[in-house]
Amino acid sequence: MRHFGHIAPEVRQRLFHREPCAFTADSPPHLLAPALGGTLYSPATRPKLADDILKQAGRGVTSMVLCLEDSIDDADVADAEENLVRQFADLAERGVEPPLLFIRVRAAEQIADLAGRLGPDIRLLSGFVLPKFTEERGVPFLEALAEAESAAPQERGLFAMPVLESPELLHLESRAETLAGIARTVDKYRDRVLALRLGVTDFCSAYGLRRPPDMTAYDVQIVASVIADVVNVLGRADGTGYTVTGPVWEYFRVQERMFKPQLRRSPFLEGRADELRQALIEHDMDGLLREIELDRANGLLGKTCIHPSHVLPVHALSVVSHEEFSDAEDILRPERCGGGVLRSSYTNKMNEVKPHRAWAERTLRRAEVFGVAKEDVGFVELLAAGIPG
């Protein structure tokens, strides 16, 4: 699979200075973590889940979480588990590579139980999402994951994606201790932790809050402070950090239906990019687009998505611009290893080699999985090309 792999090769050639790389579930973690992109959540109760998974893969989704936790009723858990086993068997029979698949469990015991019930079909599973993760609750989850790995036929094992959403992390008096405990726990299992996810809806719930569609998570100060502290402790660029993904955006319309006639009218947009950008803003995408940009500015990569229409904007805004790529390559040239300051090739900014090195390295990792846009290609062009015909 690859990002934008669902669009025609000749269209990709028009859009990309450097195309996104191909990857599989067996690719190394340093590639898979940024490649998660917009991770689409789906309730595990869906009766045609296998069909849904393959449909979304054909529309550009590269990672999905099949949820047994908050998205389903407590009374439906047993039926949802049985459904997952059936749907994985269905996927295995079709012989088609699915996106990266993760199961979000409620309790540590579910991991070993599901691993046993899936049998050889567990080869289609990339790992488990671990809710309300703290040191106390996380250790049993990760121990159960290690045990389940021994029964998995794939050599790569199974990954964990802890969700940071507990009240202890939100509350100021317990935040530092909770973060330190989480860091100790994930460091012990570093090879198995693919990414850390933020559960901002639970943070808001603790104070009876819900952000409106014209505000981002960063406008809710109590939430923004937690995001900052999580990145501070767990998202460092010194080799000790993890990929931390952006929070869920709760609002949606059927944007593809609204924008398809406008965005598909011409593959070259005929100079209508400003008009289309304004149309996107007017139809309630402004908040989502601003939050995706703020995610990256604050050290997050990828995003939890609860509606398919959110995935493509995440991916389109994750593509590295030609200007970013030029700056990153200039900074990382071998002859620059001693430091110094240079004018950017776009002649509009200062690139200071040592302070900007970590940014450049992170940018090139993103460029590998999302590609580099051509000089005259922007977000709207990428979004237009990605909408299925």
# chains A, B, ... in the order shown; residues from 1 in each chain; ligands from 1
$ select_by_dssp --residues "segment 8-229 of chain A" --states "strand (DSSP E or B)" --output "count of residues only"
33
$ closest_residue --among "A:Arg86, A:Glu361, A:Ala8, A:Leu142" --to "Asp238 of chain A" --atoms "only C-alpha atoms"
A:Glu361
$ atom_distance --atom1 "atom CA of Ala206 of chain A" --atom2 "atom CA of Tyr242 of chain A"
25.7 Å
$ atom_distance --atom1 "atom CA of Leu130 of chain A" --atom2 "atom CA of Pro162 of chain A"
4.5 Å
$ residues_around --residues "segment 10-20 of chain A" --least-positions-apart "6" --cutoff "9 Å" --atoms "only C-alpha atoms" --output "CSV table (one decimal) with N, CA and C atoms, in the first residue's frame"
chain,number,residue,atom,x,y,z
A,2,ARG,N,0.3,2.4,-0.4
A,2,ARG,CA,1.0,3.6,-0.3
A,2,ARG,C,-0.1,4.7,-0.3
A,3,HIS,N,0.3,5.9,0.3
A,3,HIS,CA,-0.6,7.0,0.3
A,3,HIS,C,-0.8,7.5,-1.1
A,4,PHE,N,-2.0,7.8,-1.4
A,4,PHE,CA,-2.5,8.2,-2.7
A,4,PHE,C,-2.3,7.1,-3.8
A,267,PRO,N,-8.9,18.4,-13.9
A,267,PRO,CA,-7.7,17.9,-13.2
A,267,PRO,C,-6.7,19.0,-12.9
A,319,VAL,N,1.2,15.8,3.0
A,319,VAL,CA,2.2,15.8,1.9
A,319,VAL,C,3.2,17.0,2.2
A,322,HIS,N,7.0,21.4,-1.7
A,322,HIS,CA,8.3,21.5,-2.4
A,322,HIS,C,9.2,22.4,-1.6
A,367,ALA,N,8.1,13.1,4.2
A,367,ALA,CA,8.2,13.1,2.8
A,367,ALA,C,8.3,11.6,2.2
A,368,GLU,N,9.0,10.8,2.9
A,368,GLU,CA,9.1,9.4,2.5
A,368,GLU,C,7.7,8.7,2.3
A,369,VAL,N,6.9,8.9,3.3
A,369,VAL,CA,5.6,8.2,3.3
A,369,VAL,C,4.5,8.9,2.6
A,370,PHE,N,4.5,10.3,2.7
A,370,PHE,CA,3.4,11.1,2.1
A,370,PHE,C,3.8,11.7,0.7
A,371,GLY,N,5.1,11.7,0.4
A,371,GLY,CA,5.5,12.3,-0.8
A,371,GLY,C,5.8,13.8,-0.7
A,372,VAL,N,6.3,14.3,-1.8
A,372,VAL,CA,6.6,15.7,-1.9
A,372,VAL,C,5.9,16.3,-3.1
A,373,ALA,N,5.1,17.3,-2.9
A,373,ALA,CA,4.3,17.9,-4.0
A,373,ALA,C,5.2,18.7,-4.9
A,374,LYS,N,4.8,18.8,-6.2
A,374,LYS,CA,5.4,19.6,-7.1
A,374,LYS,C,5.3,21.1,-6.7
A,375,GLU,N,6.1,21.9,-7.2
A,375,GLU,CA,6.2,23.3,-6.8
A,375,GLU,C,4.9,24.0,-6.9
A,376,ASP,N,4.1,23.7,-7.9
A,376,ASP,CA,2.8,24.5,-8.1
A,376,ASP,C,1.6,23.7,-7.6
A,377,VAL,N,1.8,22.7,-6.8
A,377,VAL,CA,0.7,21.8,-6.3
A,377,VAL,C,0.5,22.1,-4.8
A,378,GLY,N,-0.8,22.3,-4.4
A,378,GLY,CA,-1.1,22.6,-3.1
A,378,GLY,C,-2.2,21.6,-2.6
A,381,GLU,N,-5.4,20.8,-4.8
A,381,GLU,CA,-5.1,19.9,-5.9
A,381,GLU,C,-5.0,18.5,-5.4
A,382,LEU,N,-4.3,18.3,-4.3
A,382,LEU,CA,-4.2,16.9,-3.7
A,382,LEU,C,-5.5,16.3,-3.3
A,385,ALA,N,-7.7,15.4,-6.4
A,385,ALA,CA,-7.2,14.2,-7.1
A,385,ALA,C,-7.6,13.0,-6.2
$ closest_residue --among "A:Leu118, A:Leu100, A:Ala180, A:Ile331" --to "Thr134 of chain A" --atoms "only C-alpha atoms"
A:Ala180
$ closest_residue --among "A:Pro120, A:Gly339, A:Ile227, A:Gly299" --to "Thr243 of chain A" --atoms "only C-alpha atoms"
A:Gly299
$ residues_around --residues "Gly157 of chain A" --least-positions-apart "6" --cutoff "12 Å" --atoms "only C-alpha atoms" --output "PDB file with all heavy atoms, in the first residue's frame"
ATOM      1  N   ALA A  25       2.444  -4.141   6.050  1.00  0.00           N
ATOM      2  CA  ALA A  25       2.346  -4.347   7.494  1.00  0.00           C
ATOM      3  C   ALA A  25       3.651  -4.862   8.081  1.00  0.00           C
ATOM      4  O   ALA A  25       3.871  -4.769   9.298  1.00  0.00           O
ATOM      5  CB  ALA A  25       1.206  -5.318   7.806  1.00  0.00           C
ATOM      6  N   ASP A  26       4.537  -5.388   7.240  1.00  0.00           N
ATOM      7  CA  ASP A  26       5.826  -5.902   7.710  1.00  0.00           C
ATOM      8  C   ASP A  26       6.942  -4.866   7.634  1.00  0.00           C
ATOM      9  O   ASP A  26       8.091  -5.171   7.965  1.00  0.00           O
ATOM     10  CB  ASP A  26       6.224  -7.131   6.882  1.00  0.00           C
ATOM     11  CG  ASP A  26       5.276  -8.300   7.111  1.00  0.00           C
ATOM     12  OD1 ASP A  26       4.916  -8.557   8.269  1.00  0.00           O
ATOM     13  OD2 ASP A  26       4.888  -8.945   6.109  1.00  0.00           O
ATOM     14  N   SER A  27       6.634  -3.658   7.204  1.00  0.00           N
ATOM     15  CA  SER A  27       7.648  -2.602   7.147  1.00  0.00           C
ATOM     16  C   SER A  27       8.111  -2.238   8.553  1.00  0.00           C
ATOM     17  O   SER A  27       7.395  -2.465   9.534  1.00  0.00           O
ATOM     18  CB  SER A  27       7.093  -1.370   6.444  1.00  0.00           C
ATOM     19  OG  SER A  27       6.799  -1.639   5.086  1.00  0.00           O
ATOM     20  N   PRO A  28       9.298  -1.662   8.697  1.00  0.00           N
ATOM     21  CA  PRO A  28       9.817  -1.331  10.032  1.00  0.00           C
ATOM     22  C   PRO A  28       8.999  -0.241  10.713  1.00  0.00           C
ATOM     23  O   PRO A  28       8.374   0.597  10.045  1.00  0.00           O
ATOM     24  CB  PRO A  28      11.247  -0.862   9.754  1.00  0.00           C
ATOM     25  CG  PRO A  28      11.258  -0.473   8.311  1.00  0.00           C
ATOM     26  CD  PRO A  28      10.263  -1.357   7.627  1.00  0.00           C
ATOM     27  N   PRO A  29       8.990  -0.246  12.043  1.00  0.00           N
ATOM     28  CA  PRO A  29       8.178   0.717  12.796  1.00  0.00           C
ATOM     29  C   PRO A  29       8.473   2.172  12.464  1.00  0.00           C
ATOM     30  O   PRO A  29       7.555   2.996  12.471  1.00  0.00           O
ATOM     31  CB  PRO A  29       8.530   0.404  14.261  1.00  0.00           C
ATOM     32  CG  PRO A  29       8.993  -1.002  14.258  1.00  0.00           C
ATOM     33  CD  PRO A  29       9.664  -1.215  12.931  1.00  0.00           C
ATOM     34  N   ALA A 115      -6.654 -13.190  20.271  1.00  0.00           N
ATOM     35  CA  ALA A 115      -5.532 -13.773  19.525  1.00  0.00           C
ATOM     36  C   ALA A 115      -5.768 -15.259  19.304  1.00  0.00           C
ATOM     37  O   ALA A 115      -5.523 -15.788  18.209  1.00  0.00           O
ATOM     38  CB  ALA A 115      -4.226 -13.540  20.263  1.00  0.00           C
ATOM     39  N   ILE A 122      -4.853 -14.040  12.471  1.00  0.00           N
ATOM     40  CA  ILE A 122      -4.225 -12.937  13.206  1.00  0.00           C
ATOM     41  C   ILE A 122      -3.107 -12.300  12.384  1.00  0.00           C
ATOM     42  O   ILE A 122      -2.674 -11.182  12.675  1.00  0.00           O
ATOM     43  CB  ILE A 122      -3.693 -13.435  14.573  1.00  0.00           C
ATOM     44  CG1 ILE A 122      -3.467 -12.237  15.511  1.00  0.00           C
ATOM     45  CG2 ILE A 122      -2.427 -14.250  14.411  1.00  0.00           C
ATOM     46  CD1 ILE A 122      -3.114 -12.629  16.941  1.00  0.00           C
ATOM     47  N   ARG A 123      -2.670 -12.974  11.338  1.00  0.00           N
ATOM     48  CA  ARG A 123      -1.630 -12.401  10.470  1.00  0.00           C
ATOM     49  C   ARG A 123      -2.103 -11.104   9.807  1.00  0.00           C
ATOM     50  O   ARG A 123      -1.287 -10.287   9.375  1.00  0.00           O
ATOM     51  CB  ARG A 123      -1.227 -13.405   9.397  1.00  0.00           C
ATOM     52  CG  ARG A 123      -2.342 -13.760   8.442  1.00  0.00           C
ATOM     53  CD  ARG A 123      -1.946 -14.848   7.451  1.00  0.00           C
ATOM     54  NE  ARG A 123      -3.088 -15.281   6.655  1.00  0.00           N
ATOM     55  CZ  ARG A 123      -3.556 -14.634   5.593  1.00  0.00           C
ATOM     56  NH1 ARG A 123      -2.972 -13.511   5.193  1.00  0.00           N
ATOM     57  NH2 ARG A 123      -4.599 -15.094   4.927  1.00  0.00           N
ATOM     58  N   LEU A 124      -3.437 -10.895   9.749  1.00  0.00           N
ATOM     59  CA  LEU A 124      -3.980  -9.667   9.169  1.00  0.00           C
ATOM     60  C   LEU A 124      -4.027  -8.531  10.178  1.00  0.00           C
ATOM     61  O   LEU A 124      -4.376  -7.405   9.809  1.00  0.00           O
ATOM     62  CB  LEU A 124      -5.394  -9.922   8.638  1.00  0.00           C
ATOM     63  CG  LEU A 124      -5.531 -10.988   7.552  1.00  0.00           C
ATOM     64  CD1 LEU A 124      -6.998 -11.204   7.205  1.00  0.00           C
ATOM     65  CD2 LEU A 124      -4.743 -10.596   6.305  1.00  0.00           C
ATOM     66  N   LEU A 125      -3.711  -8.816  11.414  1.00  0.00           N
ATOM     67  CA  LEU A 125      -3.805  -7.827  12.485  1.00  0.00           C
ATOM     68  C   LEU A 125      -2.434  -7.221  12.767  1.00  0.00           C
ATOM     69  O   LEU A 125      -1.452  -7.941  12.959  1.00  0.00           O
ATOM     70  CB  LEU A 125      -4.354  -8.481  13.758  1.00  0.00           C
ATOM     71  CG  LEU A 125      -4.604  -7.557  14.949  1.00  0.00           C
ATOM     72  CD1 LEU A 125      -5.762  -6.612  14.664  1.00  0.00           C
ATOM     73  CD2 LEU A 125      -4.907  -8.378  16.208  1.00  0.00           C
ATOM     74  N   SER A 126      -2.382  -5.881  12.803  1.00  0.00           N
ATOM     75  CA  SER A 126      -1.115  -5.206  13.113  1.00  0.00           C
ATOM     76  C   SER A 126      -0.921  -4.981  14.602  1.00  0.00           C
ATOM     77  O   SER A 126       0.207  -4.783  15.049  1.00  0.00           O
ATOM     78  CB  SER A 126      -1.038  -3.861  12.371  1.00  0.00           C
ATOM     79  OG  SER A 126      -0.911  -4.078  10.980  1.00  0.00           O
ATOM     80  N   GLY A 127      -2.020  -4.965  15.374  1.00  0.00           N
ATOM     81  CA  GLY A 127      -1.841  -4.770  16.806  1.00  0.00           C
ATOM     82  C   GLY A 127      -3.126  -4.375  17.502  1.00  0.00           C
ATOM     83  O   GLY A 127      -4.233  -4.519  16.967  1.00  0.00           O
ATOM     84  N   PHE A 128      -2.958  -3.859  18.719  1.00  0.00           N
ATOM     85  CA  PHE A 128      -4.080  -3.502  19.573  1.00  0.00           C
ATOM     86  C   PHE A 128      -3.951  -2.055  20.044  1.00  0.00           C
ATOM     87  O   PHE A 128      -2.848  -1.566  20.278  1.00  0.00           O
ATOM     88  CB  PHE A 128      -4.147  -4.424  20.794  1.00  0.00           C
ATOM     89  CG  PHE A 128      -4.529  -5.844  20.458  1.00  0.00           C
ATOM     90  CD1 PHE A 128      -3.556  -6.791  20.159  1.00  0.00           C
ATOM     91  CD2 PHE A 128      -5.856  -6.238  20.451  1.00  0.00           C
ATOM     92  CE1 PHE A 128      -3.898  -8.099  19.846  1.00  0.00           C
ATOM     93  CE2 PHE A 128      -6.217  -7.541  20.146  1.00  0.00           C
ATOM     94  CZ  PHE A 128      -5.237  -8.470  19.844  1.00  0.00           C
ATOM     95  N   LEU A 145      -0.118  -8.426  25.552  1.00  0.00           N
ATOM     96  CA  LEU A 145       0.314  -8.316  24.158  1.00  0.00           C
ATOM     97  C   LEU A 145       1.550  -9.174  23.915  1.00  0.00           C
ATOM     98  O   LEU A 145       1.641  -9.878  22.899  1.00  0.00           O
ATOM     99  CB  LEU A 145       0.609  -6.858  23.822  1.00  0.00           C
ATOM    100  CG  LEU A 145       1.059  -6.578  22.387  1.00  0.00           C
ATOM    101  CD1 LEU A 145      -0.095  -6.760  21.415  1.00  0.00           C
ATOM    102  CD2 LEU A 145       1.616  -5.162  22.266  1.00  0.00           C
ATOM    103  N   ALA A 146       2.504  -9.134  24.840  1.00  0.00           N
ATOM    104  CA  ALA A 146       3.718  -9.935  24.692  1.00  0.00           C
ATOM    105  C   ALA A 146       3.393 -11.423  24.655  1.00  0.00           C
ATOM    106  O   ALA A 146       3.988 -12.191  23.882  1.00  0.00           O
ATOM    107  CB  ALA A 146       4.682  -9.624  25.837  1.00  0.00           C
ATOM    108  N   GLU A 147       2.434 -11.847  25.476  1.00  0.00           N
ATOM    109  CA  GLU A 147       2.033 -13.251  25.475  1.00  0.00           C
ATOM    110  C   GLU A 147       1.339 -13.619  24.172  1.00  0.00           C
ATOM    111  O   GLU A 147       1.574 -14.691  23.603  1.00  0.00           O
ATOM    112  CB  GLU A 147       1.102 -13.527  26.659  1.00  0.00           C
ATOM    113  CG  GLU A 147       1.783 -13.459  28.014  1.00  0.00           C
ATOM    114  CD  GLU A 147       0.808 -13.676  29.162  1.00  0.00           C
ATOM    115  OE1 GLU A 147      -0.319 -14.142  28.898  1.00  0.00           O
ATOM    116  OE2 GLU A 147       1.178 -13.385  30.317  1.00  0.00           O
ATOM    117  N   ALA A 148       0.482 -12.736  23.680  1.00  0.00           N
ATOM    118  CA  ALA A 148      -0.239 -13.017  22.433  1.00  0.00           C
ATOM    119  C   ALA A 148       0.713 -13.104  21.252  1.00  0.00           C
ATOM    120  O   ALA A 148       0.480 -13.856  20.305  1.00  0.00           O
ATOM    121  CB  ALA A 148      -1.287 -11.939  22.190  1.00  0.00           C
ATOM    122  N   GLU A 149       1.796 -12.339  21.298  1.00  0.00           N
ATOM    123  CA  GLU A 149       2.763 -12.347  20.204  1.00  0.00           C
ATOM    124  C   GLU A 149       3.341 -13.729  19.968  1.00  0.00           C
ATOM    125  O   GLU A 149       3.645 -14.111  18.848  1.00  0.00           O
ATOM    126  CB  GLU A 149       3.905 -11.376  20.510  1.00  0.00           C
ATOM    127  CG  GLU A 149       3.634  -9.962  20.083  1.00  0.00           C
ATOM    128  CD  GLU A 149       4.906  -9.140  20.129  1.00  0.00           C
ATOM    129  OE1 GLU A 149       5.803  -9.480  20.912  1.00  0.00           O
ATOM    130  OE2 GLU A 149       4.993  -8.174  19.379  1.00  0.00           O
ATOM    131  N   SER A 150       3.514 -14.483  21.039  1.00  0.00           N
ATOM    132  CA  SER A 150       4.128 -15.802  20.910  1.00  0.00           C
ATOM    133  C   SER A 150       3.261 -16.746  20.067  1.00  0.00           C
ATOM    134  O   SER A 150       3.762 -17.715  19.491  1.00  0.00           O
ATOM    135  CB  SER A 150       4.367 -16.416  22.293  1.00  0.00           C
ATOM    136  OG  SER A 150       3.133 -16.591  22.980  1.00  0.00           O
ATOM    137  N   ALA A 151       1.950 -16.456  19.999  1.00  0.00           N
ATOM    138  CA  ALA A 151       1.045 -17.290  19.214  1.00  0.00           C
ATOM    139  C   ALA A 151       0.840 -16.752  17.810  1.00  0.00           C
ATOM    140  O   ALA A 151       0.197 -17.409  16.987  1.00  0.00           O
ATOM    141  CB  ALA A 151      -0.308 -17.394  19.920  1.00  0.00           C
ATOM    142  N   ASP A 191       9.953  -1.370  21.635  1.00  0.00           N
ATOM    143  CA  ASP A 191       9.905  -2.025  20.330  1.00  0.00           C
ATOM    144  C   ASP A 191       8.486  -2.377  19.898  1.00  0.00           C
ATOM    145  O   ASP A 191       8.238  -2.630  18.716  1.00  0.00           O
ATOM    146  CB  ASP A 191      10.747  -3.306  20.349  1.00  0.00           C
ATOM    147  CG  ASP A 191      12.236  -3.018  20.444  1.00  0.00           C
ATOM    148  OD1 ASP A 191      12.626  -1.861  20.175  1.00  0.00           O
ATOM    149  OD2 ASP A 191      12.997  -3.938  20.786  1.00  0.00           O
ATOM    150  N   ARG A 192       7.564  -2.402  20.837  1.00  0.00           N
ATOM    151  CA  ARG A 192       6.192  -2.811  20.531  1.00  0.00           C
ATOM    152  C   ARG A 192       5.245  -1.619  20.424  1.00  0.00           C
ATOM    153  O   ARG A 192       4.118  -1.766  19.975  1.00  0.00           O
ATOM    154  CB  ARG A 192       5.670  -3.775  21.603  1.00  0.00           C
ATOM    155  CG  ARG A 192       6.480  -5.057  21.677  1.00  0.00           C
ATOM    156  CD  ARG A 192       5.964  -6.155  20.753  1.00  0.00           C
ATOM    157  NE  ARG A 192       5.759  -5.823  19.358  1.00  0.00           N
ATOM    158  CZ  ARG A 192       6.695  -5.874  18.408  1.00  0.00           C
ATOM    159  NH1 ARG A 192       7.923  -6.224  18.718  1.00  0.00           N
ATOM    160  NH2 ARG A 192       6.404  -5.576  17.162  1.00  0.00           N
ATOM    161  N   VAL A 193       5.668  -0.439  20.867  1.00  0.00           N
ATOM    162  CA  VAL A 193       4.789   0.734  20.858  1.00  0.00           C
ATOM    163  C   VAL A 193       4.984   1.474  19.543  1.00  0.00           C
ATOM    164  O   VAL A 193       6.026   2.089  19.301  1.00  0.00           O
ATOM    165  CB  VAL A 193       5.075   1.653  22.063  1.00  0.00           C
ATOM    166  CG1 VAL A 193       4.219   2.912  21.978  1.00  0.00           C
ATOM    167  CG2 VAL A 193       4.803   0.917  23.368  1.00  0.00           C
ATOM    168  N   LEU A 194       3.961   1.409  18.678  1.00  0.00           N
ATOM    169  CA  LEU A 194       4.073   2.019  17.364  1.00  0.00           C
ATOM    170  C   LEU A 194       3.822   3.518  17.428  1.00  0.00           C
ATOM    171  O   LEU A 194       4.517   4.307  16.785  1.00  0.00           O
ATOM    172  CB  LEU A 194       3.076   1.360  16.399  1.00  0.00           C
ATOM    173  CG  LEU A 194       3.132   1.823  14.948  1.00  0.00           C
ATOM    174  CD1 LEU A 194       4.507   1.534  14.336  1.00  0.00           C
ATOM    175  CD2 LEU A 194       2.040   1.155  14.132  1.00  0.00           C
TER     176      LEU A 194
END
$ atom_distance --atom1 "atom CA of Phe203 of chain A" --atom2 "atom CA of Lys132 of chain A"
10.7 Å
$ residues_around --residues "Asn348 of chain A" --least-positions-apart "3" --cutoff "12 Å" --atoms "only C-alpha atoms" --output "JSON, numbers by chain"
{"A": [323, 324, 327, 342, 343, 344, 345, 351]}
$ residues_around --residues "Glu82 of chain A" --least-positions-apart "3" --cutoff "10 Å" --atoms "only C-alpha atoms" --output "list in words"
Ala44, Thr45, Val77, Ala78, Asp79, Val85, Arg86, Gln87, Leu114, Arg117 and Leu118 of chain A
$ write_last_selection --atoms "C-alpha atoms" --output "tab-separated table (two decimals), in the first residue's frame"
chain	number	residue	atom	x	y	z
A	44	ALA	CA	-16.57	-3.76	15.56
A	45	THR	CA	-20.31	-4.45	15.39
A	77	VAL	CA	-19.20	-6.63	23.36
A	78	ALA	CA	-19.55	-10.42	23.06
A	79	ASP	CA	-21.37	-10.16	19.72
A	85	VAL	CA	-13.51	-13.26	14.21
A	86	ARG	CA	-15.95	-13.84	11.32
A	87	GLN	CA	-14.88	-10.70	9.48
A	114	LEU	CA	-9.00	-12.65	20.60
A	117	ARG	CA	-9.94	-17.05	18.48
A	118	LEU	CA	-8.50	-15.39	15.39
